[in-house]
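Enquirer: TSV, C-alpha atoms and all ligand atoms, saved as final.tsv, coming up:
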```tsv
chain	number	residue	atom	x	y	z
X	1	MET	CA	116.80	192.90	-23.46
X	2	LEU	CA	118.70	196.01	-24.32
X	3	ARG	CA	116.30	196.68	-27.14
X	4	LYS	CA	113.33	196.21	-24.81
X	5	LEU	CA	114.79	198.92	-22.60
X	6	GLN	CA	115.29	201.16	-25.60
X	7	LEU	CA	111.67	200.68	-26.57
X	8	LEU	CA	110.49	201.56	-23.09
X	9	LYS	CA	112.64	204.65	-23.16
X	10	ARG	CA	111.11	205.61	-26.49
X	11	ARG	CA	107.60	205.07	-25.16
X	12	PHE	CA	108.22	207.47	-22.30
X	13	SER	CA	109.77	210.04	-24.59
X	14	LEU	CA	106.59	209.99	-26.68
X	15	LEU	CA	104.19	210.50	-23.77
X	16	PRO	CA	103.93	214.28	-24.21
X	17	LEU	CA	102.73	213.70	-27.76
X	18	LEU	CA	100.25	211.02	-26.75
X	19	VAL	CA	98.28	213.31	-24.48
X	20	SER	CA	97.54	215.88	-27.15
X	21	VAL	CA	96.53	216.01	-30.78
X	22	CYS	CA	98.43	219.26	-31.01
X	23	LEU	CA	102.11	219.57	-31.66
X	24	LEU	CA	104.06	222.12	-29.70
X	25	ILE	CA	106.52	223.72	-32.03
X	26	VAL	CA	109.92	223.50	-30.41
X	27	LEU	CA	111.95	224.52	-33.41
X	28	THR	CA	112.45	228.17	-34.12
X	29	GLY	CA	113.00	229.73	-37.49
X	30	GLN	CA	109.95	228.16	-39.15
X	31	LYS	CA	108.31	230.74	-41.38
X	32	GLY	CA	105.22	232.16	-39.72
X	33	TRP	CA	105.64	230.20	-36.50
X	34	SER	CA	107.41	230.96	-33.30
X	35	LYS	CA	108.54	228.89	-30.36
X	36	GLY	CA	105.62	227.90	-28.16
X	37	ASP	CA	102.94	228.12	-30.88
X	38	ARG	CA	100.42	225.29	-30.86
X	39	VAL	CA	99.31	223.95	-34.20
X	40	SER	CA	96.77	221.33	-35.21
X	41	LEU	CA	98.27	218.31	-36.90
X	42	PRO	CA	97.49	217.52	-40.55
X	43	PRO	CA	94.83	214.85	-41.19
X	44	LEU	CA	95.89	211.21	-41.58
X	45	LYS	CA	96.34	210.19	-45.24
X	46	PRO	CA	98.39	207.49	-47.00
X	47	HIS	CA	101.21	208.25	-49.45
X	48	PRO	CA	101.87	206.26	-52.64
X	49	LEU	CA	104.16	203.26	-52.11
X	50	PRO	CA	107.72	203.57	-53.42
X	51	PRO	CA	108.11	201.42	-56.59
X	52	THR	CA	110.53	199.14	-54.74
X	53	LEU	CA	107.70	198.09	-52.40
X	54	VAL	CA	105.04	198.00	-55.15
X	55	SER	CA	107.09	195.30	-56.86
X	56	TRP	CA	107.74	193.35	-53.62
X	57	HIS	CA	105.83	190.07	-53.52
X	58	SER	CA	106.55	187.13	-51.28
X	59	ASP	CA	105.07	183.61	-51.46
X	60	ASN	CA	104.89	183.71	-47.70
X	61	GLN	CA	102.54	186.42	-46.42
X	62	GLU	CA	103.64	186.33	-42.75
X	63	ASP	CA	104.41	189.60	-41.04
X	64	TYR	CA	104.57	191.04	-37.53
X	65	PHE	CA	102.67	194.26	-38.20
X	66	ASP	CA	100.38	193.65	-35.21
X	67	HIS	CA	103.42	193.78	-32.89
X	68	LEU	CA	104.31	197.35	-33.87
X	69	GLN	CA	103.45	200.43	-31.84
X	70	SER	CA	101.08	203.07	-33.06
X	71	HIS	CA	102.20	206.69	-33.05
X	72	PRO	CA	100.13	209.90	-32.78
X	73	VAL	CA	101.38	211.09	-36.19
X	74	GLY	CA	100.42	207.78	-37.80
X	75	ALA	CA	102.94	205.73	-39.75
X	76	LEU	CA	106.52	207.02	-39.42
X	77	ILE	CA	107.18	206.63	-43.12
X	78	TRP	CA	109.11	208.46	-45.84
X	79	TYR	CA	107.44	209.82	-48.97
X	80	ASP	CA	110.21	211.72	-50.85
X	81	PHE	CA	112.70	209.34	-52.41
X	82	PRO	CA	115.56	208.69	-52.24
X	83	VAL	CA	115.68	209.15	-48.47
X	84	LYS	CA	118.88	211.04	-47.58
X	85	VAL	CA	121.13	209.30	-45.05
X	86	TYR	CA	124.08	210.90	-43.28
X	87	LEU	CA	126.69	208.50	-41.93
X	88	GLN	CA	129.17	210.14	-39.58
X	89	SER	CA	132.66	210.24	-41.05
X	90	PRO	CA	135.89	209.87	-39.06
X	91	PRO	CA	137.27	213.07	-37.55
X	92	LEU	CA	140.80	214.12	-38.45
X	93	ASN	CA	143.80	213.40	-36.25
X	94	LEU	CA	142.67	209.99	-34.96
X	95	SER	CA	145.37	207.53	-33.95
X	96	PRO	CA	145.89	204.71	-36.48
X	97	SER	CA	144.03	202.19	-34.29
X	98	ALA	CA	141.15	204.60	-33.61
X	99	ALA	CA	140.93	205.46	-37.34
X	100	LYS	CA	140.78	201.75	-38.19
X	101	ALA	CA	137.98	201.12	-35.67
X	102	PHE	CA	136.04	204.11	-37.00
X	103	GLN	CA	136.50	202.89	-40.58
X	104	GLN	CA	135.12	199.45	-39.63
X	105	TRP	CA	132.07	201.21	-38.20
X	106	VAL	CA	131.65	203.21	-41.43
X	107	GLU	CA	131.89	200.02	-43.51
X	108	ALA	CA	129.22	198.37	-41.33
X	109	GLY	CA	127.00	201.43	-41.79
X	110	LYS	CA	127.42	201.39	-45.57
X	111	LYS	CA	126.48	197.69	-45.69
X	112	ALA	CA	123.37	198.39	-43.59
X	113	ILE	CA	122.34	201.20	-45.96
X	114	ALA	CA	122.92	198.95	-49.00
X	115	ALA	CA	120.83	196.17	-47.43
X	116	TRP	CA	117.71	198.38	-47.05
X	117	ASN	CA	118.28	200.24	-50.33
X	118	SER	CA	116.70	197.36	-52.25
X	119	TYR	CA	113.37	198.08	-50.53
X	120	ILE	CA	113.40	201.82	-49.77
X	121	PRO	CA	115.56	204.01	-52.07
X	122	LEU	CA	118.33	205.54	-49.94
X	123	GLN	CA	121.09	207.97	-50.84
X	124	GLU	CA	124.08	208.91	-48.72
X	125	THR	CA	124.73	212.60	-48.14
X	126	ASP	CA	127.71	214.19	-46.40
X	127	ASN	CA	125.57	217.16	-45.32
X	128	PRO	CA	123.83	216.41	-42.00
X	129	GLU	CA	121.49	219.40	-42.43
X	130	LYS	CA	120.04	217.90	-45.62
X	131	ALA	CA	119.74	214.39	-44.18
X	132	ASP	CA	116.48	212.67	-43.23
X	133	ILE	CA	118.27	209.94	-41.27
X	134	LEU	CA	121.45	210.68	-39.31
X	135	ILE	CA	123.68	207.87	-38.04
X	136	TYR	CA	126.21	208.82	-35.36
X	137	ARG	CA	128.97	206.77	-33.81
X	138	GLN	CA	128.39	207.64	-30.19
X	139	PRO	CA	127.02	205.89	-27.10
X	140	PRO	CA	123.28	206.39	-26.62
X	141	PRO	CA	122.49	208.52	-23.56
X	142	LEU	CA	122.30	206.64	-20.27
X	143	GLY	CA	118.88	206.12	-18.73
X	144	ARG	CA	117.93	207.46	-15.32
X	145	LEU	CA	119.27	206.08	-12.08
X	146	ARG	CA	116.89	203.57	-10.52
X	147	VAL	CA	116.70	202.50	-6.89
X	148	ASN	CA	116.99	198.74	-6.46
X	149	PRO	CA	114.03	197.87	-4.17
X	150	GLU	CA	115.95	195.03	-2.49
X	151	THR	CA	119.19	196.79	-1.69
X	152	GLY	CA	118.12	200.43	-1.62
X	153	LEU	CA	121.14	201.19	-3.81
X	154	PHE	CA	121.13	202.89	-7.19
X	155	ASP	CA	121.45	200.82	-10.35
X	156	LEU	CA	123.33	202.61	-13.10
X	157	PRO	CA	121.81	201.41	-16.38
X	158	ARG	CA	124.23	200.18	-19.03
X	159	ALA	CA	124.47	202.17	-22.23
X	160	ALA	CA	122.41	200.55	-24.99
X	161	ALA	CA	124.11	199.19	-28.11
X	162	ALA	CA	122.12	201.62	-30.26
X	163	ILE	CA	119.03	203.76	-30.17
X	164	THR	CA	116.80	205.50	-32.71
X	165	THR	CA	114.80	208.61	-31.90
X	166	VAL	CA	112.36	210.61	-34.01
X	167	GLN	CA	112.15	214.42	-34.19
X	168	PHE	CA	109.62	216.60	-35.97
X	169	TYR	CA	109.78	219.95	-37.73
X	170	LEU	CA	107.75	222.10	-40.09
X	171	GLN	CA	108.78	222.98	-43.63
X	172	ASP	CA	106.48	224.80	-46.07
X	173	SER	CA	103.62	224.21	-43.60
X	174	ARG	CA	104.15	220.46	-43.85
X	175	LEU	CA	104.89	218.21	-40.90
X	176	ARG	CA	108.19	216.44	-41.46
X	177	HIS	CA	110.49	214.21	-39.43
X	178	LYS	CA	114.09	213.22	-39.00
X	179	MET	CA	115.40	210.01	-37.49
X	180	ILE	CA	118.55	210.07	-35.35
X	181	ILE	CA	120.45	206.81	-34.82
X	182	ARG	CA	123.20	206.58	-32.22
X	183	VAL	CA	125.36	203.48	-32.40
X	184	ASN	CA	127.62	202.63	-29.49
X	185	PRO	CA	131.20	202.20	-30.78
X	186	HIS	CA	132.05	199.93	-27.85
X	187	GLN	CA	130.54	196.68	-29.07
X	188	ASN	CA	131.40	193.41	-30.76
X	189	LEU	CA	132.26	193.96	-34.41
X	190	ASP	CA	130.25	190.84	-35.36
X	191	TYR	CA	127.05	192.55	-34.25
X	192	LEU	CA	127.79	196.03	-35.54
X	193	GLU	CA	126.35	195.63	-39.04
X	194	SER	CA	123.18	193.87	-37.83
X	195	ASN	CA	122.74	196.49	-35.08
X	196	ILE	CA	122.89	199.36	-37.57
X	197	THR	CA	120.63	197.44	-39.99
X	198	HIS	CA	118.14	196.91	-37.14
X	199	GLU	CA	118.13	200.58	-36.15
X	200	LEU	CA	117.81	201.62	-39.78
X	201	GLY	CA	114.68	199.42	-39.89
X	202	HIS	CA	113.21	201.57	-37.09
X	203	ALA	CA	114.29	204.75	-38.91
X	204	LEU	CA	112.51	203.53	-42.07
X	205	GLY	CA	109.27	203.11	-40.14
X	206	ILE	CA	109.23	199.70	-38.43
X	207	TRP	CA	108.41	201.15	-35.00
X	208	GLY	CA	108.55	198.03	-32.86
X	209	HIS	CA	109.99	194.53	-32.90
X	210	SER	CA	109.45	191.10	-34.40
X	211	PRO	CA	108.84	188.13	-32.08
X	212	ASN	CA	110.82	185.92	-34.50
X	213	PRO	CA	114.61	185.64	-33.87
X	214	GLU	CA	115.19	185.06	-37.59
X	215	ASP	CA	114.12	188.63	-38.40
X	216	ILE	CA	116.46	191.64	-38.36
X	217	MET	CA	113.84	193.46	-36.24
X	218	TYR	CA	113.92	190.85	-33.44
X	219	HIS	CA	114.35	192.67	-30.13
X	220	ALA	CA	117.55	191.00	-28.93
X	221	HIS	CA	120.89	189.68	-30.12
X	222	THR	CA	120.86	186.06	-31.24
X	223	ARG	CA	123.74	183.63	-31.77
X	224	ASP	CA	122.86	183.33	-35.46
X	225	ILE	CA	123.03	186.93	-36.63
X	226	PRO	CA	119.89	187.62	-38.71
X	227	THR	CA	119.59	189.48	-41.99
X	228	ILE	CA	116.55	191.25	-43.46
X	229	SER	CA	113.84	188.59	-43.91
X	230	PHE	CA	110.67	188.33	-46.00
X	231	ARG	CA	108.71	188.99	-42.79
X	232	ASP	CA	110.66	192.24	-42.30
X	233	ILE	CA	109.76	193.39	-45.82
X	234	ASN	CA	106.14	192.17	-45.65
X	235	THR	CA	105.86	194.25	-42.46
X	236	LEU	CA	107.63	197.24	-44.02
X	237	LYS	CA	105.20	197.16	-46.97
X	238	ARG	CA	102.20	197.13	-44.64
X	239	VAL	CA	103.68	200.07	-42.70
X	240	TYR	CA	104.01	202.06	-45.94
X	241	GLN	CA	100.34	201.38	-46.76
X	242	GLN	CA	99.24	203.08	-43.54
X	243	PRO	CA	98.01	206.68	-43.27
X	244	THR	CA	100.23	209.32	-41.71
X	245	ARG	CA	100.18	213.02	-40.83
X	246	LEU	CA	103.79	213.32	-42.09
X	247	GLY	CA	104.34	215.13	-45.38
X	248	TRP	CA	100.86	216.70	-45.43
X	249	LYS	CA	100.02	220.36	-44.98
X	250	LEU	CA	98.78	221.74	-41.67
X	251	PRO	CA	95.09	222.73	-41.60
X	252	GLU	CA	94.50	226.39	-42.56
X	253	ASN	CA	93.06	227.27	-39.15
X	254	SER	CA	95.86	225.76	-37.12
X	255	SER	CA	97.26	228.88	-35.51
X	301	ZN	ZN	114.97	197.85	-31.84
```
In structure tokens, how does this file's structure come out?
Ligand SMILES: [Zn+2]

Expert:
Amino acid sequence: MLRKLQLLKRRFSLLPLLVSVCLLIVLTGQKGWSKGDRVSLPPLKPHPLPPTLVSWHSDNQEDYFDHLQSHPVGALIWYDFPVKVYLQSPPLNLSPSAAKAFQQWVEAGKKAIAAWNSYIPLQETDNPEKADILIYRQPPPLGRLRVNPETGLFDLPRAAAAITTVQFYLQDSRLRHKMIIRVNPHQNLDYLESNITHELGHALGIWGHSPNPEDIMYHAHTRDIPTISFRDINTLKRVYQQPTRLGWKLPENSS
């Protein structure tokens, strides 16, 4: 349920992009561009598969690719490997109990990174500015207040367990992206690793959910905590075969 809400939230956050084939540059400091410029997006083209996915073969061909959402930039995939991942480290001066809880979160994050590393080459970095994927230990932002139609009172939405958002920027006239994962520290330790693994699946390009509770990308918590399945990887491979505007140069006449 929580993950359904996250997905809805993501859909609404993408609406501005859906109504236009142009990207409004919101980042300053890009060479030759200034805030407010409109640029045409690069054409859709596929990238070569990473070797880890070229060599992936499963006897069972099932996947849930048709359940994923499409995005105006095409597939939200990576093309320079290894993908750099920043995992937030504990701040100094934590109490012993807070430091222990933070360390458990870090361990869960490292296991999640190791789990996906077999399929998409990942490398940890301690420099957030150089990272493609950033994982923070902080509650996702609360949604908007909603009026309950029966009582007329406001419902305050609960903070989600985790959320992944995508942001875009230009570098050397190429459209690039970063994925930001926020993982709520206030949750059951049993679910922490699978939650981070699930969000990392979104950050690697699986932009949607599996209908099968045995897959890591299932939309809700299950009693039997899932791990990455052959359906998850079959789906991931199909995603990486799709065309994207990411990583390609902007058209010459885009100013
Ligand atoms: Zn999800």

Enquirer: Quick one: everything within 6 Å of stretch 160-170 of chain X, counting all atoms listed in the file, minus sequence neighbours fewer than 4 positions away in the same chain. Send it as a PyMOL selection string.

Expert: chain X and resi 2+174-184

Enquirer: Just give me the gap between atom CA of X:Pro211 and atom CA of X:Leu236 in Å, one decimal is fine.

Expert: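 Atom-to-atom, atom CA of X:Pro211 to atom CA of X:Leu236, that is 15.1 Å.
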
Enquirer: Which residues of stretch 35-111 of chain X come within 10 Å of stretch 238-247 of chain X, and for each one, what is the closest pair of atoms and their distance in Å to one decimal, counting all atoms listed in the file, sorted by chain and residue number, as JSON lines?

Expert:
```
{"residue": "X:Leu41", "atom": "CA", "partner": "X:Arg245", "partner_atom": "CA", "distance": 6.9}
{"residue": "X:Pro42", "atom": "CA", "partner": "X:Arg245", "partner_atom": "CA", "distance": 5.3}
{"residue": "X:Pro43", "atom": "CA", "partner": "X:Arg245", "partner_atom": "CA", "distance": 5.7}
{"residue": "X:Leu44", "atom": "CA", "partner": "X:Arg245", "partner_atom": "CA", "distance": 4.7}
{"residue": "X:Lys45", "atom": "CA", "partner": "X:Pro243", "partner_atom": "CA", "distance": 4.4}
{"residue": "X:Pro46", "atom": "CA", "partner": "X:Pro243", "partner_atom": "CA", "distance": 3.8}
{"residue": "X:His47", "atom": "CA", "partner": "X:Pro243", "partner_atom": "CA", "distance": 7.1}
{"residue": "X:Pro48", "atom": "CA", "partner": "X:Gln241", "partner_atom": "CA", "distance": 7.8}
{"residue": "X:Leu49", "atom": "CA", "partner": "X:Tyr240", "partner_atom": "CA", "distance": 6.3}
{"residue": "X:Pro50", "atom": "CA", "partner": "X:Tyr240", "partner_atom": "CA", "distance": 8.5}
{"residue": "X:Leu53", "atom": "CA", "partner": "X:Tyr240", "partner_atom": "CA", "distance": 8.4}
{"residue": "X:Asp63", "atom": "CA", "partner": "X:Arg238", "partner_atom": "CA", "distance": 8.6}
{"residue": "X:Tyr64", "atom": "CA", "partner": "X:Arg238", "partner_atom": "CA", "distance": 9.7}
{"residue": "X:Phe65", "atom": "CA", "partner": "X:Arg238", "partner_atom": "CA", "distance": 7.1}
{"residue": "X:Leu68", "atom": "CA", "partner": "X:Val239", "partner_atom": "CA", "distance": 9.3}
{"residue": "X:His71", "atom": "CA", "partner": "X:Thr244", "partner_atom": "CA", "distance": 9.3}
{"residue": "X:Pro72", "atom": "CA", "partner": "X:Arg245", "partner_atom": "CA", "distance": 8.6}
{"residue": "X:Val73", "atom": "CA", "partner": "X:Arg245", "partner_atom": "CA", "distance": 5.2}
{"residue": "X:Gly74", "atom": "CA", "partner": "X:Thr244", "partner_atom": "CA", "distance": 4.2}
{"residue": "X:Ala75", "atom": "CA", "partner": "X:Thr244", "partner_atom": "CA", "distance": 4.9}
{"residue": "X:Leu76", "atom": "CA", "partner": "X:Thr244", "partner_atom": "CA", "distance": 7.1}
{"residue": "X:Ile77", "atom": "CA", "partner": "X:Tyr240", "partner_atom": "CA", "distance": 6.2}
{"residue": "X:Trp78", "atom": "CA", "partner": "X:Leu246", "partner_atom": "CA", "distance": 8.1}
{"residue": "X:Tyr79", "atom": "CA", "partner": "X:Gly247", "partner_atom": "CA", "distance": 7.1}
{"residue": "X:Asp80", "atom": "CA", "partner": "X:Gly247", "partner_atom": "CA", "distance": 8.7}
```

Enquirer: Could you state the separation of atom CA of X:Gln88 and atom CA of X:Ile133 in Å, given to one decimal place?

Expert: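 Taking atom CA of X:Gln88 and atom CA of X:Ile133, their separation equals 11.0 Å.
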
Enquirer: May I ask which of the residues X:His221, X:Lys237, X:Lys249, X:His209 is the closest one to ligand ZN 301 (chain X), counting all atoms listed in the file?

Expert: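 Among the listed residues, the smallest separation from ligand ZN 301 (chain X) belongs to X:His209.
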
Enquirer: Under the rule that all atoms listed in the file are counted, which of X:Asp66, X:Glu252, X:Tyr191, X:Asn60 is the nearest residue to X:Phe230?

Expert: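 Of X:Asp66, X:Glu252, X:Tyr191, X:Asn60, the one nearest X:Phe230 is X:Asn60, counting all atoms listed in the file.
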
Enquirer: Just how far from atom CA of X:Ser70 is atom CA of X:Lys111, in Å to one decimal?

Expert: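 Going from atom CA of X:Lys111 over to atom CA of X:Ser70 covers 28.9 Å.
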
Enquirer: Within 8 Å of X:Leu200, counting all atoms listed in the file, which residues qualify if same-chain residues fewer than 5 places away don't, as a list in words?

Expert: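 Using all atoms listed in the file, the neighbours found are Ala112, Ile113, Trp116 and Ile181 of chain X.
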
Enquirer: For each of X:Leu92, X:Met217, X:Ile233, X:Ala203, take the minimum atom-to-atom distance to X:His67, counting all atoms listed in the file, then give the residue where this is smallest.

Expert: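 Checking each candidate against X:His67, we get X:Met217 as the closest.
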
Enquirer: Kindly indicate which residue among X:Lys110, X:His198, X:Arg223, X:Lys84 lies nearest to ligand ZN 301 (chain X), using only C-alpha atoms and all ligand atoms for the distances.

Expert: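 Of the candidates, the smallest distance to ligand ZN 301 (chain X) is held by X:His198.
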
Enquirer: Could you give me, as CSV, every stretch 144-223 of chain X residue with an atom at most 10 Å from stretch 104-107 of chain X, plus its closest atom pair and distance in Å to one decimal, counting only C-alpha atoms, rows ordered by chain then number?

Expert:
```
residue,atom,partner,partner_atom,distance
X:Val183,CA,X:Trp105,CA,9.2
X:Asn184,CA,X:Trp105,CA,9.9
X:Pro185,CA,X:Trp105,CA,7.5
X:Leu189,CA,X:Gln104,CA,8.1
X:Leu192,CA,X:Trp105,CA,7.2
X:Glu193,CA,X:Trp105,CA,8.0
X:Ile196,CA,X:Trp105,CA,9.4
```

Enquirer: Looking at X:Asn195, X:Ser55, X:Ser210, X:Gln187, which one is nearest to X:Ile120, with distances taken over all atoms listed in the file?

Expert: X:Ser55

Enquirer: Contacts of X:Ser229 at 9 Å or less, counting only C-alpha atoms, minus same-chain residues fewer than 4 places along, as a ChimeraX atom specification?

Expert: /X:214-216,233-234

Enquirer: Could you tell me which of X:Thr222, X:Thr197, X:Gln103, X:Ser58 comes closest to ligand ZN 301 (chain X) if we count all atoms listed in the file?

Expert: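 Closest to ligand ZN 301 (chain X) of all the choices is X:Thr197.
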
Enquirer: Will you model N, CA and C atoms for stretch 41-73 of chain X and pass it back as a compact mmCIF listing (two decimals), keeping the file's coordinate frame?

Expert:
```txt
# COMPACT_ATOMS: atom_id res chain seq x y z
N LEU X 41 97.53 219.19 -36.00
CA LEU X 41 98.27 218.31 -36.90
C LEU X 41 97.49 218.12 -38.20
N PRO X 42 98.19 217.82 -39.29
CA PRO X 42 97.49 217.52 -40.55
C PRO X 42 96.65 216.24 -40.40
N PRO X 43 95.62 216.08 -41.25
CA PRO X 43 94.83 214.85 -41.19
C PRO X 43 95.64 213.63 -41.64
N LEU X 44 95.21 212.46 -41.21
CA LEU X 44 95.89 211.21 -41.58
C LEU X 44 95.53 210.82 -43.02
N LYS X 45 96.57 210.64 -43.86
CA LYS X 45 96.34 210.19 -45.24
C LYS X 45 97.51 209.30 -45.66
N PRO X 46 97.25 208.32 -46.53
CA PRO X 46 98.39 207.49 -47.00
C PRO X 46 99.15 208.21 -48.12
N HIS X 47 100.39 207.80 -48.31
CA HIS X 47 101.21 208.25 -49.45
C HIS X 47 101.32 207.07 -50.44
N PRO X 48 101.63 207.37 -51.70
CA PRO X 48 101.87 206.26 -52.64
C PRO X 48 103.07 205.43 -52.18
N LEU X 49 103.02 204.13 -52.44
CA LEU X 49 104.16 203.26 -52.11
C LEU X 49 105.34 203.58 -53.02
N PRO X 50 106.57 203.47 -52.50
CA PRO X 50 107.72 203.57 -53.42
C PRO X 50 107.70 202.35 -54.36
N PRO X 51 108.15 202.53 -55.61
CA PRO X 51 108.11 201.42 -56.59
C PRO X 51 108.78 200.15 -56.08
N THR X 52 109.82 200.31 -55.27
CA THR X 52 110.53 199.14 -54.74
C THR X 52 109.60 198.27 -53.88
N LEU X 53 108.64 198.88 -53.20
CA LEU X 53 107.70 198.09 -52.40
C LEU X 53 106.49 197.64 -53.23
N VAL X 54 106.13 198.44 -54.26
CA VAL X 54 105.04 198.00 -55.15
C VAL X 54 105.41 196.66 -55.76
N SER X 55 106.67 196.53 -56.16
CA SER X 55 107.09 195.30 -56.86
C SER X 55 107.45 194.17 -55.90
N TRP X 56 107.40 194.41 -54.58
CA TRP X 56 107.74 193.35 -53.62
C TRP X 56 106.58 192.39 -53.46
N HIS X 57 106.83 191.11 -53.75
CA HIS X 57 105.83 190.07 -53.52
C HIS X 57 106.56 188.87 -52.92
N SER X 58 105.96 188.30 -51.91
CA SER X 58 106.55 187.13 -51.28
C SER X 58 105.52 186.00 -51.28
N ASP X 59 105.99 184.76 -51.52
CA ASP X 59 105.07 183.61 -51.46
C ASP X 59 104.52 183.45 -50.06
N ASN X 60 105.32 183.82 -49.09
CA ASN X 60 104.89 183.71 -47.70
C ASN X 60 104.40 185.08 -47.23
N GLN X 61 103.16 185.14 -46.76
CA GLN X 61 102.54 186.42 -46.42
C GLN X 61 102.73 186.83 -44.95
N GLU X 62 103.50 186.03 -44.19
CA GLU X 62 103.64 186.33 -42.75
C GLU X 62 104.25 187.71 -42.52
N ASP X 63 103.77 188.35 -41.48
CA ASP X 63 104.41 189.60 -41.04
C ASP X 63 104.18 189.75 -39.54
N TYR X 64 104.75 190.79 -38.98
CA TYR X 64 104.57 191.04 -37.53
C TYR X 64 104.02 192.45 -37.31
N PHE X 65 103.24 192.91 -38.27
CA PHE X 65 102.67 194.26 -38.20
C PHE X 65 101.92 194.50 -36.89
N ASP X 66 101.20 193.47 -36.42
CA ASP X 66 100.38 193.65 -35.21
C ASP X 66 101.23 193.82 -33.94
N HIS X 67 102.54 193.58 -34.05
CA HIS X 67 103.42 193.78 -32.89
C HIS X 67 103.98 195.20 -32.83
N LEU X 68 103.73 195.99 -33.85
CA LEU X 68 104.31 197.35 -33.87
C LEU X 68 103.48 198.31 -33.02
N GLN X 69 104.13 199.39 -32.63
CA GLN X 69 103.45 200.43 -31.84
C GLN X 69 102.78 201.44 -32.77
N SER X 70 101.67 201.97 -32.30
CA SER X 70 101.08 203.07 -33.06
C SER X 70 101.69 204.38 -32.56
N HIS X 71 101.62 205.39 -33.39
CA HIS X 71 102.20 206.69 -33.05
C HIS X 71 101.18 207.78 -33.35
N PRO X 72 101.14 208.85 -32.55
CA PRO X 72 100.13 209.90 -32.78
C PRO X 72 100.18 210.53 -34.17
N VAL X 73 101.34 210.51 -34.84
CA VAL X 73 101.38 211.09 -36.19
C VAL X 73 101.04 210.05 -37.25
```
